[in-house]
Amino acid sequence: AEYSVQAIEAMLPTILATDETRKSVQSEKAANEIGTMLTSYANVSGTSEEAKKSAINASEKMKNCAGNSAQILEISHDLWTQYRKREGQPLDQFITRSVGVEVDESGPLDFLPCVNSGGSSGSSCTIA
């Protein structure tokens with residue numbers, strides 16, 4: 001997540017490139033929602049200081065885009081919303097629970113440290 005926040009921050013000039021002649025409620029909504037998500041991430045315990053700084057900076061820039069049409073932002077937000085709907089993720093919250101997530105140690109998240117390696121099989125763990 002830390003690298004994603006830093007990547008978003010680095011891409012903001014392109015993401016927020018606006019058409020000054022056109023106002024867009026969709027761009028404003030997308031900027032506010034993504035800004036809120038970044039602020040939520042910055043407030044999660046365990047987030048590094050560098051990631052918090054990047055998230056807060058990106059959130060402020062996102063929320064300050066002032067409703068001008070930003071096509072890349074609109075398209076990206078639309079795709080993200082479609083993905084969340086398809087996966088059954090709630091659209092009104094970003095962090096769904098405070099407990100860890102159970103994963104298979106041999107799966108795509110195997111690089112994350114386990115809080116507890118459980119059972120005799122040793123194939124499941126909880127990431128914080």
# chains A, B, ... in the order shown; residues from 1 in each chain; ligands from 1
call {"tool": "residues_around", "arguments": {"residues": "region 42-54 of chain A", "least_positions_apart": "2", "cutoff": "8 Å", "atoms": "only C-alpha atoms", "output": "count of residues only"}}
result
11
call {"tool": "select_by_dssp", "arguments": {"residues": "region 8-110 of chain A", "states": "alpha helix (DSSP H)", "output": "PyMOL selection string"}}
result
chain A and resi 8-15+25-42+49-63+71-86
call {"tool": "atom_distance", "arguments": {"atom1": "CA of Gly35 (chain A)", "atom2": "CA of Gly88 (chain A)"}}
result
21.7 Å
call {"tool": "atom_distance", "arguments": {"atom1": "CA of Met11 (chain A)", "atom2": "CA of Glu74 (chain A)"}}
result
14.5 Å
call {"tool": "closest_residue", "arguments": {"among": "A:Ala55, A:Ala1, A:Leu12, A:Met62", "to": "Lys29 (chain A)", "atoms": "only C-alpha atoms"}}
result
A:Met62
